[in-house]
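**Q** Input work28.cif, format and content: mmCIF, C-alpha atoms.
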data_upload
#
loop_
_atom_site.label_atom_id
_atom_site.label_comp_id
_atom_site.auth_asym_id
_atom_site.auth_seq_id
_atom_site.Cartn_x
_atom_site.Cartn_y
_atom_site.Cartn_z
CA MET A 1 17.35 10.50 -12.63
CA THR A 2 16.06 11.03 -9.10
CA LEU A 3 17.54 9.37 -6.03
CA GLN A 4 14.49 7.11 -5.77
CA GLU A 5 14.80 5.99 -9.40
CA ARG A 6 18.50 5.27 -8.98
CA ARG A 7 17.74 3.38 -5.77
CA SER A 8 15.26 1.15 -7.66
CA TRP A 9 17.86 0.25 -10.30
CA THR A 10 20.56 -0.35 -7.68
CA PHE A 11 18.32 -2.63 -5.65
CA LEU A 12 17.25 -4.56 -8.75
CA VAL A 13 20.84 -5.25 -9.85
CA VAL A 14 22.08 -6.07 -6.35
CA VAL A 15 19.26 -8.51 -5.56
CA VAL A 16 19.61 -10.35 -8.89
CA VAL A 17 23.41 -10.60 -8.63
CA ALA A 18 23.22 -11.84 -5.02
CA TYR A 19 20.58 -14.45 -5.86
CA VAL A 20 22.33 -15.69 -9.01
CA GLY A 21 25.55 -15.96 -6.98
CA TYR A 22 23.74 -18.00 -4.34
CA VAL A 23 22.13 -20.35 -6.91
CA ILE A 24 25.47 -20.93 -8.64
CA TRP A 25 27.08 -21.67 -5.26
CA VAL A 26 24.34 -24.20 -4.36
CA ILE A 27 24.53 -25.96 -7.74
CA ARG A 28 28.32 -26.23 -7.47
CA ALA A 29 28.11 -27.45 -3.87
CA ALA A 30 25.62 -30.16 -4.88
CA ASP A 31 28.24 -31.40 -7.35
CA GLY A 32 25.75 -33.64 -9.17
CA GLY A 33 24.29 -35.04 -5.94
CA PRO A 34 20.89 -34.32 -4.34
CA ILE A 35 20.54 -30.54 -4.18
CA ALA A 36 18.46 -30.69 -0.99
CA ASP A 37 21.49 -32.14 0.85
CA VAL A 38 23.52 -28.98 0.34
CA ALA A 39 24.28 -26.93 3.47
CA TYR A 40 22.51 -23.89 2.08
CA GLN A 41 21.85 -21.96 5.31
CA LYS A 42 25.06 -19.94 5.55
CA PRO A 43 25.27 -18.99 1.84
CA LEU A 44 21.59 -18.01 1.83
CA LEU A 45 22.03 -15.71 4.80
CA ILE A 46 25.25 -14.30 3.32
CA SER A 47 23.49 -13.71 0.00
CA MET A 48 20.63 -11.84 1.70
CA GLY A 49 22.94 -9.84 3.95
CA ALA A 50 25.37 -9.05 1.14
CA SER A 51 22.60 -7.73 -1.11
CA MET A 52 21.40 -5.34 1.61
CA LEU A 53 24.93 -4.24 2.47
CA ALA A 54 25.86 -3.83 -1.20
CA ALA A 55 22.78 -1.69 -1.86
CA ILE A 56 23.79 0.64 0.99
CA VAL A 57 27.47 0.80 -0.03
CA ILE A 58 26.65 1.40 -3.72
CA GLU A 59 24.23 4.15 -2.78
CA ILE A 60 26.85 5.86 -0.63
CA LEU A 61 29.46 5.53 -3.39
CA LEU A 62 27.09 6.87 -6.04
CA ALA A 63 26.17 9.77 -3.76
CA ILE A 64 29.87 10.68 -3.62
CA ILE A 65 30.69 10.02 -7.29
CA LYS A 66 27.51 11.33 -8.89
CA PRO A 67 25.27 13.17 -6.45
CA VAL A 68 21.64 13.74 -7.36
CA SER A 69 18.86 15.66 -5.67
CA THR A 70 17.68 13.93 -2.52
CA ARG A 71 14.26 15.57 -2.83
CA LYS A 72 11.38 13.11 -2.74
CA ASP A 73 8.00 14.28 -3.96
CA MET A 74 4.47 12.95 -4.40
CA ARG A 75 5.31 11.25 -7.72
CA ASP A 76 8.17 9.34 -6.08
CA GLU A 77 5.86 8.26 -3.29
CA GLU A 78 3.13 7.12 -5.70
CA ILE A 79 5.61 5.16 -7.83
CA GLY A 80 7.17 3.66 -4.70
CA ARG A 81 3.77 2.60 -3.37
CA LEU A 82 2.69 1.02 -6.66
CA GLY A 83 6.03 -0.78 -7.03
CA ASP A 84 5.91 -2.14 -3.49
CA TYR A 85 2.27 -3.15 -3.91
CA THR A 86 3.14 -5.09 -7.07
CA GLY A 87 6.07 -6.83 -5.42
CA TYR A 88 4.33 -7.74 -2.16
CA SER A 89 2.07 -10.24 -3.89
CA PHE A 90 5.05 -12.57 -4.34
CA VAL A 91 6.00 -12.36 -0.66
CA VAL A 92 2.49 -13.61 0.09
CA ILE A 93 2.64 -16.29 -2.63
CA GLY A 94 6.05 -17.44 -1.31
CA GLY A 95 4.71 -17.50 2.25
CA ILE A 96 1.63 -19.54 1.35
CA ALA A 97 3.72 -21.94 -0.75
CA ALA A 98 6.14 -22.40 2.16
CA LEU A 99 3.23 -22.97 4.54
CA LEU A 100 1.79 -25.70 2.33
CA MET A 101 5.23 -27.26 1.86
CA SER A 102 5.81 -27.37 5.62
CA MET A 103 2.38 -28.97 6.15
CA ALA A 104 3.33 -31.58 3.57
CA GLU A 105 6.62 -32.02 5.47
CA TRP A 106 8.86 -31.08 2.56
CA ASP A 107 12.59 -30.78 3.13
CA TRP A 108 13.61 -27.53 4.88
CA PHE A 109 15.86 -26.77 1.91
CA TRP A 110 12.86 -26.31 -0.40
CA ILE A 111 10.85 -24.37 2.18
CA SER A 112 13.68 -21.91 2.85
CA ASN A 113 14.47 -21.50 -0.81
CA THR A 114 10.84 -20.95 -1.73
CA ILE A 115 10.64 -18.12 0.79
CA TYR A 116 13.92 -16.63 -0.46
CA LEU A 117 12.75 -16.92 -4.08
CA GLY A 118 9.53 -15.16 -3.07
CA PHE A 119 11.58 -12.28 -1.61
CA VAL A 120 13.75 -12.09 -4.73
CA ILE A 121 10.83 -12.12 -7.19
CA SER A 122 9.06 -9.56 -5.04
CA ALA A 123 12.10 -7.27 -5.04
CA VAL A 124 12.72 -7.74 -8.78
CA LEU A 125 9.10 -7.18 -9.74
CA GLY A 126 8.77 -4.18 -7.42
CA SER A 127 11.98 -2.58 -8.70
CA LEU A 128 11.10 -3.27 -12.35
CA THR A 129 7.67 -1.75 -11.85
CA LYS A 130 9.19 1.36 -10.31
CA ALA A 131 11.83 1.65 -13.04
CA ALA A 132 9.16 1.21 -15.76
CA LEU A 133 6.93 3.85 -14.16
CA TYR A 134 9.83 6.29 -13.98
CA ILE A 135 10.62 5.74 -17.66
CA LYS A 136 7.19 5.25 -19.22
CA GLY A 137 5.32 7.57 -16.90
CA MET A 138 2.53 7.32 -14.42
CA PRO A 139 -0.47 9.27 -15.64
CA MET B 1 0.21 -1.23 -19.41
CA VAL B 2 0.06 2.38 -18.33
CA LYS B 3 -2.95 4.22 -19.72
CA PRO B 4 -2.02 7.53 -21.31
CA THR B 5 -3.62 10.52 -19.63
CA LYS B 6 -6.10 12.71 -21.49
CA LEU B 7 -4.89 15.66 -19.45
CA THR B 8 -2.81 18.12 -21.44
CA ASN B 9 -1.13 21.29 -20.26
CA SER B 10 0.51 24.50 -21.33
CA ILE B 11 3.15 24.47 -18.62
CA LYS B 12 6.08 24.63 -21.01
CA ASP B 13 4.72 27.68 -22.87
CA LEU B 14 3.71 29.50 -19.69
CA ARG B 15 6.98 28.63 -18.02
CA THR B 16 8.95 30.04 -20.94
CA LEU B 17 6.74 33.11 -20.95
CA ASN B 18 7.56 33.65 -17.28
CA GLY B 19 11.27 33.06 -17.87
CA LEU B 20 11.34 30.04 -15.63
CA THR B 21 13.40 26.91 -16.08
CA GLN B 22 12.11 23.46 -15.15
CA ALA B 23 14.37 23.59 -12.10
CA ASP B 24 12.92 27.00 -11.07
CA LEU B 25 9.37 25.67 -11.31
CA ALA B 26 10.32 22.49 -9.48
CA ASP B 27 11.88 24.47 -6.63
CA ALA B 28 8.88 26.80 -6.40
CA VAL B 29 6.43 23.90 -6.23
CA GLY B 30 8.65 21.68 -4.08
CA VAL B 31 8.97 18.76 -6.48
CA THR B 32 11.85 17.23 -8.43
CA ARG B 33 12.77 18.54 -11.88
CA GLN B 34 11.96 15.06 -13.20
CA THR B 35 8.40 15.47 -11.98
CA VAL B 36 8.05 18.77 -13.83
CA ILE B 37 9.41 17.08 -16.97
CA ALA B 38 6.98 14.16 -16.53
CA ILE B 39 4.02 16.54 -16.13
CA GLU B 40 5.04 18.61 -19.15
CA GLN B 41 5.33 15.47 -21.26
CA GLY B 42 1.96 14.13 -20.06
CA LYS B 43 3.61 11.19 -18.30
CA TYR B 44 2.26 12.14 -14.91
CA SER B 45 -0.99 13.74 -13.79
CA PRO B 46 -0.36 15.99 -10.80
CA SER B 47 -2.65 16.06 -7.80
CA LEU B 48 -5.20 18.85 -7.62
CA GLU B 49 -3.11 20.59 -4.98
CA MET B 50 0.04 20.39 -7.10
CA ALA B 51 -1.90 21.61 -10.14
CA PHE B 52 -3.03 24.68 -8.17
CA GLN B 53 0.53 25.30 -6.97
CA ILE B 54 1.87 25.11 -10.53
CA SER B 55 -0.84 27.46 -11.80
CA ARG B 56 -0.10 29.93 -9.03
CA VAL B 57 3.65 29.94 -9.75
CA LEU B 58 2.92 30.44 -13.46
CA GLY B 59 0.49 33.26 -12.63
CA ALA B 60 -2.33 31.65 -14.58
CA ARG B 61 -5.73 30.16 -13.88
CA LEU B 62 -5.93 26.40 -13.46
CA GLU B 63 -8.00 25.97 -16.62
CA ASP B 64 -5.45 27.97 -18.60
CA VAL B 65 -2.65 25.65 -17.50
CA PHE B 66 -4.39 22.28 -17.61
CA HIS B 67 -6.82 21.12 -20.26
CA TYR B 68 -9.12 18.13 -20.36
CA PRO B 69 -11.02 17.25 -23.56
CA ASP B 70 -14.82 17.03 -23.48
#
Show me, as structure tokens, the structure contained in the file I just sent.
**A**
Amino acid sequence: MTLQERRSWTFLVVVVVAYVGYVIWVIRAADGGPIADVAYQKPLLISMGASMLAAIVIEILLAIIKPVSTRKDMRDEEIGRLGDYTGYSFVVIGGIAALLMSMAEWDWFWISNTIYLGFVISAVLGSLTKAALYIKGMP
Amino acid sequence: MVKPTKLTNSIKDLRTLNGLTQADLADAVGVTRQTVIAIEQGKYSPSLEMAFQISRVLGARLEDVFHYPD
């Protein structure tokens, strides 16, 4: 497994865990009441920050525990590009959805969470694409 | 769905003939060992430049290393 492949898996796991943690926190905080009334801002920012920090920390730890070659070649770059390209579509979809929601004067809760969900789906889809290309191949 | 490549190669045979490991070839070409494995298994089609580099390291002509059916 190359560093880039391991990085894709790490990012995938970290993003999913952080998002699931955030969703569970919001549902619990709503406690049966209207979910849009939950003070989501701080947990959302913590979730995003924690996922980035965790990805860095895990990568450092893995580099110490099980070092792999840090060489990055053309195949890594092509897989990275294709994965990012696949994921970016959901950033755009999330952005457009949020734009329409703000025009329709939806609650900020839904607008923020739509954007965050767009980021998460983008990251998951991009990482899954990369992982699949590393395993199945990229002729 | 990833389309399988029609490109085949004799890298493994030529590499063995030259007494090279996958890691040796990877180092000589400047790619990861995983990329050499992927090329050998037909999971990745190298660029033309990389194909020339591989052929040169293996001491063979490009058409003797890589094959494409008519």
**Q** May I have a table of the residues of chain B lying at most 9 Å from chain A, giving each one's closest pair of atoms and their distance in Å to one decimal, counting only C-alpha atoms, ordered by chain and ascending residue number, as a Markdown table?
**A**
| residue | atom | partner | partner_atom | distance |
| --- | --- | --- | --- | --- |
| B:Val2 | CA | A:Met138 | CA | 6.8 |
| B:Lys3 | CA | A:Pro139 | CA | 6.9 |
| B:Pro4 | CA | A:Pro139 | CA | 6.1 |
| B:Thr5 | CA | A:Pro139 | CA | 5.2 |
| B:Lys6 | CA | A:Pro139 | CA | 8.8 |
| B:Leu7 | CA | A:Pro139 | CA | 8.7 |
| B:Gly30 | CA | A:Asp73 | CA | 7.4 |
| B:Val31 | CA | A:Asp73 | CA | 5.2 |
| B:Thr32 | CA | A:Arg71 | CA | 6.3 |
| B:Arg33 | CA | A:Thr2 | CA | 8.7 |
| B:Gln34 | CA | A:Thr2 | CA | 7.1 |
| B:Thr35 | CA | A:Arg75 | CA | 6.7 |
| B:Ala38 | CA | A:Gly137 | CA | 6.8 |
| B:Ile39 | CA | A:Pro139 | CA | 8.6 |
| B:Gly42 | CA | A:Pro139 | CA | 7.0 |
| B:Lys43 | CA | A:Gly137 | CA | 4.2 |
| B:Tyr44 | CA | A:Pro139 | CA | 4.0 |
| B:Ser45 | CA | A:Pro139 | CA | 4.9 |
| B:Pro46 | CA | A:Arg75 | CA | 8.0 |
| B:Ser47 | CA | A:Met74 | CA | 8.5 |
**Q** Give me the residues near Leu48 in chain B as a PDB file with C-alpha atoms, keeping the file's coordinate frame, where near means some atom within 12 Å (using only C-alpha atoms) and where sequence neighbours in that chain fewer than 6 positions away do not count.
**A**
ATOM      1  CA  MET A  74       4.470  12.950  -4.400  1.00  0.00           C
TER       2      MET A  74
ATOM      3  CA  ILE B  54       1.870  25.110 -10.530  1.00  0.00           C
ATOM      4  CA  SER B  55      -0.840  27.460 -11.800  1.00  0.00           C
ATOM      5  CA  LEU B  62      -5.930  26.400 -13.460  1.00  0.00           C
ATOM      6  CA  GLU B  63      -8.000  25.970 -16.620  1.00  0.00           C
ATOM      7  CA  PHE B  66      -4.390  22.280 -17.610  1.00  0.00           C
TER       8      PHE B  66
END
**Q** Sorted by chain and rising residue number, which residues of range 39-112 of chain A lie within 7 Å of range 22-32 of chain A, and what are their closest atom pairs and distances in Å to one decimal, counting all atoms listed in the file, as a Markdown table?
**A**
| residue | atom | partner | partner_atom | distance |
| --- | --- | --- | --- | --- |
| A:Tyr40 | CA | A:Val26 | CA | 6.7 |
| A:Pro43 | CA | A:Tyr22 | CA | 6.4 |
| A:Leu44 | CA | A:Tyr22 | CA | 6.5 |
| A:Ser47 | CA | A:Tyr22 | CA | 6.1 |
**Q** Compile the contact shell of range 124-130 of chain A as a list of chain:residue names: residues with an atom at most 9 Å away, counting all atoms listed in the file, same-chain residues fewer than 6 positions apart removed.
**A**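 These residues fall inside the cut-off: A:Glu5, A:Arg7, A:Ser8, A:Trp9, A:Thr10, A:Phe11, A:Leu12, A:Val13, A:Val15, A:Val16, A:Ile79, A:Gly80, A:Arg81, A:Leu82, A:Gly83, A:Asp84, A:Tyr85, A:Thr86, A:Gly87, A:Tyr88, A:Phe90.
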**Q** Restricting the calculation to only C-alpha atoms, which member of A:Val68, A:Val14, A:Leu45, A:Leu62 is positioned closest to Tyr116 in chain A?
**A**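 Closest residue, counting only C-alpha atoms: A:Leu45.
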**Q** I'd like the interatomic distance between CA of Ile60 in chain A and CA of Glu77 in chain A, to a tenth of an Å.
**A** 21.3 Å
**Q** In terms of the shortest atom-to-atom distance over only C-alpha atoms, which of A:Val17, A:Ile58, A:Ala123, A:Ile111 is closest to Leu99 in chain A?
**A**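 Checking each of A:Val17, A:Ile58, A:Ala123, A:Ile111 against Leu99 in chain A, counting only C-alpha atoms, the winner is A:Ile111.
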**Q** In Å, with one decimal, what is the gap from CA of Leu61 in chain A to CA of Gln4 in chain A?
**A**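 Atom-to-atom, CA of Leu61 in chain A and CA of Gln4 in chain A are spaced 15.2 Å apart.
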**Q** Any idea what the distance is between CA of Leu20 in chain B and CA of Glu78 in chain A?
**A**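 Distance reported for this atom pair: 26.3 Å.
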**Q** Since the input has fewer atoms than a full residue there, write range 58-69 of chain A out with all heavy atoms, as a PDB file, keeping the file's coordinate frame.
**A**
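The resulting result-v5.pdb:
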ATOM      1  N   ILE A  58      26.734   0.827  -2.359  1.00  0.00           N
ATOM      2  CA  ILE A  58      26.650   1.400  -3.720  1.00  0.00           C
ATOM      3  C   ILE A  58      25.964   2.765  -3.684  1.00  0.00           C
ATOM      4  O   ILE A  58      26.386   3.697  -4.360  1.00  0.00           O
ATOM      5  CB  ILE A  58      25.927   0.419  -4.676  1.00  0.00           C
ATOM      6  CG1 ILE A  58      26.810  -0.798  -4.934  1.00  0.00           C
ATOM      7  CG2 ILE A  58      25.565   1.100  -5.995  1.00  0.00           C
ATOM      8  CD1 ILE A  58      26.135  -1.926  -5.683  1.00  0.00           C
ATOM      9  N   GLU A  59      24.931   2.869  -2.869  1.00  0.00           N
ATOM     10  CA  GLU A  59      24.230   4.150  -2.780  1.00  0.00           C
ATOM     11  C   GLU A  59      25.129   5.247  -2.209  1.00  0.00           C
ATOM     12  O   GLU A  59      25.128   6.385  -2.691  1.00  0.00           O
ATOM     13  CB  GLU A  59      22.981   3.982  -1.909  1.00  0.00           C
ATOM     14  CG  GLU A  59      22.019   5.142  -2.084  1.00  0.00           C
ATOM     15  CD  GLU A  59      20.714   4.921  -1.346  1.00  0.00           C
ATOM     16  OE1 GLU A  59      20.222   3.792  -1.355  1.00  0.00           O
ATOM     17  OE2 GLU A  59      20.205   5.893  -0.790  1.00  0.00           O
ATOM     18  N   ILE A  60      25.912   4.884  -1.211  1.00  0.00           N
ATOM     19  CA  ILE A  60      26.850   5.860  -0.630  1.00  0.00           C
ATOM     20  C   ILE A  60      27.896   6.270  -1.665  1.00  0.00           C
ATOM     21  O   ILE A  60      28.193   7.447  -1.851  1.00  0.00           O
ATOM     22  CB  ILE A  60      27.516   5.290   0.648  1.00  0.00           C
ATOM     23  CG1 ILE A  60      26.474   5.148   1.766  1.00  0.00           C
ATOM     24  CG2 ILE A  60      28.667   6.165   1.101  1.00  0.00           C
ATOM     25  CD1 ILE A  60      26.950   4.343   2.974  1.00  0.00           C
ATOM     26  N   LEU A  61      28.432   5.245  -2.377  1.00  0.00           N
ATOM     27  CA  LEU A  61      29.460   5.530  -3.390  1.00  0.00           C
ATOM     28  C   LEU A  61      28.913   6.406  -4.505  1.00  0.00           C
ATOM     29  O   LEU A  61      29.558   7.364  -4.947  1.00  0.00           O
ATOM     30  CB  LEU A  61      30.018   4.220  -3.965  1.00  0.00           C
ATOM     31  CG  LEU A  61      30.922   3.400  -3.029  1.00  0.00           C
ATOM     32  CD1 LEU A  61      31.296   2.069  -3.662  1.00  0.00           C
ATOM     33  CD2 LEU A  61      32.186   4.187  -2.670  1.00  0.00           C
ATOM     34  N   LEU A  62      27.703   6.081  -4.970  1.00  0.00           N
ATOM     35  CA  LEU A  62      27.090   6.870  -6.040  1.00  0.00           C
ATOM     36  C   LEU A  62      26.803   8.303  -5.586  1.00  0.00           C
ATOM     37  O   LEU A  62      26.911   9.241  -6.366  1.00  0.00           O
ATOM     38  CB  LEU A  62      25.792   6.208  -6.521  1.00  0.00           C
ATOM     39  CG  LEU A  62      25.958   4.973  -7.420  1.00  0.00           C
ATOM     40  CD1 LEU A  62      24.612   4.321  -7.695  1.00  0.00           C
ATOM     41  CD2 LEU A  62      26.644   5.340  -8.737  1.00  0.00           C
ATOM     42  N   ALA A  63      26.439   8.431  -4.307  1.00  0.00           N
ATOM     43  CA  ALA A  63      26.170   9.770  -3.760  1.00  0.00           C
ATOM     44  C   ALA A  63      27.435  10.617  -3.763  1.00  0.00           C
ATOM     45  O   ALA A  63      27.378  11.840  -3.927  1.00  0.00           O
ATOM     46  CB  ALA A  63      25.611   9.652  -2.353  1.00  0.00           C
ATOM     47  N   ILE A  64      28.583   9.956  -3.614  1.00  0.00           N
ATOM     48  CA  ILE A  64      29.870  10.680  -3.620  1.00  0.00           C
ATOM     49  C   ILE A  64      30.300  10.952  -5.064  1.00  0.00           C
ATOM     50  O   ILE A  64      30.665  12.064  -5.417  1.00  0.00           O
ATOM     51  CB  ILE A  64      30.959   9.865  -2.873  1.00  0.00           C
ATOM     52  CG1 ILE A  64      30.581   9.733  -1.389  1.00  0.00           C
ATOM     53  CG2 ILE A  64      32.323  10.507  -3.034  1.00  0.00           C
ATOM     54  CD1 ILE A  64      31.390   8.668  -0.638  1.00  0.00           C
ATOM     55  N   ILE A  65      30.210   9.897  -5.908  1.00  0.00           N
ATOM     56  CA  ILE A  65      30.690  10.020  -7.290  1.00  0.00           C
ATOM     57  C   ILE A  65      29.765  10.886  -8.146  1.00  0.00           C
ATOM     58  O   ILE A  65      30.206  11.778  -8.861  1.00  0.00           O
ATOM     59  CB  ILE A  65      30.834   8.606  -7.931  1.00  0.00           C
ATOM     60  CG1 ILE A  65      31.881   7.791  -7.171  1.00  0.00           C
ATOM     61  CG2 ILE A  65      31.236   8.713  -9.398  1.00  0.00           C
ATOM     62  CD1 ILE A  65      31.824   6.305  -7.459  1.00  0.00           C
ATOM     63  N   LYS A  66      28.471  10.587  -8.063  1.00  0.00           N
ATOM     64  CA  LYS A  66      27.510  11.330  -8.890  1.00  0.00           C
ATOM     65  C   LYS A  66      26.281  11.714  -8.056  1.00  0.00           C
ATOM     66  O   LYS A  66      25.246  11.038  -8.111  1.00  0.00           O
ATOM     67  CB  LYS A  66      27.102  10.465 -10.095  1.00  0.00           C
ATOM     68  CG  LYS A  66      26.549  11.278 -11.239  1.00  0.00           C
ATOM     69  CD  LYS A  66      26.199  10.411 -12.416  1.00  0.00           C
ATOM     70  CE  LYS A  66      25.570  11.259 -13.521  1.00  0.00           C
ATOM     71  NZ  LYS A  66      25.021  10.451 -14.577  1.00  0.00           N
ATOM     72  N   PRO A  67      26.404  12.789  -7.312  1.00  0.00           N
ATOM     73  CA  PRO A  67      25.270  13.170  -6.450  1.00  0.00           C
ATOM     74  C   PRO A  67      24.059  13.644  -7.245  1.00  0.00           C
ATOM     75  O   PRO A  67      24.208  14.283  -8.286  1.00  0.00           O
ATOM     76  CB  PRO A  67      25.853  14.305  -5.606  1.00  0.00           C
ATOM     77  CG  PRO A  67      27.051  14.784  -6.311  1.00  0.00           C
ATOM     78  CD  PRO A  67      27.549  13.695  -7.184  1.00  0.00           C
ATOM     79  N   VAL A  68      22.888  13.271  -6.764  1.00  0.00           N
ATOM     80  CA  VAL A  68      21.640  13.740  -7.360  1.00  0.00           C
ATOM     81  C   VAL A  68      20.784  14.356  -6.249  1.00  0.00           C
ATOM     82  O   VAL A  68      21.093  14.195  -5.066  1.00  0.00           O
ATOM     83  CB  VAL A  68      20.841  12.597  -8.040  1.00  0.00           C
ATOM     84  CG1 VAL A  68      21.539  12.105  -9.287  1.00  0.00           C
ATOM     85  CG2 VAL A  68      20.586  11.452  -7.074  1.00  0.00           C
ATOM     86  N   SER A  69      19.740  15.033  -6.651  1.00  0.00           N
ATOM     87  CA  SER A  69      18.860  15.660  -5.670  1.00  0.00           C
ATOM     88  C   SER A  69      18.249  14.606  -4.757  1.00  0.00           C
ATOM     89  O   SER A  69      17.793  13.559  -5.223  1.00  0.00           O
ATOM     90  CB  SER A  69      17.760  16.435  -6.391  1.00  0.00           C
ATOM     91  OG  SER A  69      16.777  16.826  -5.465  1.00  0.00           O
TER      92      SER A  69
END
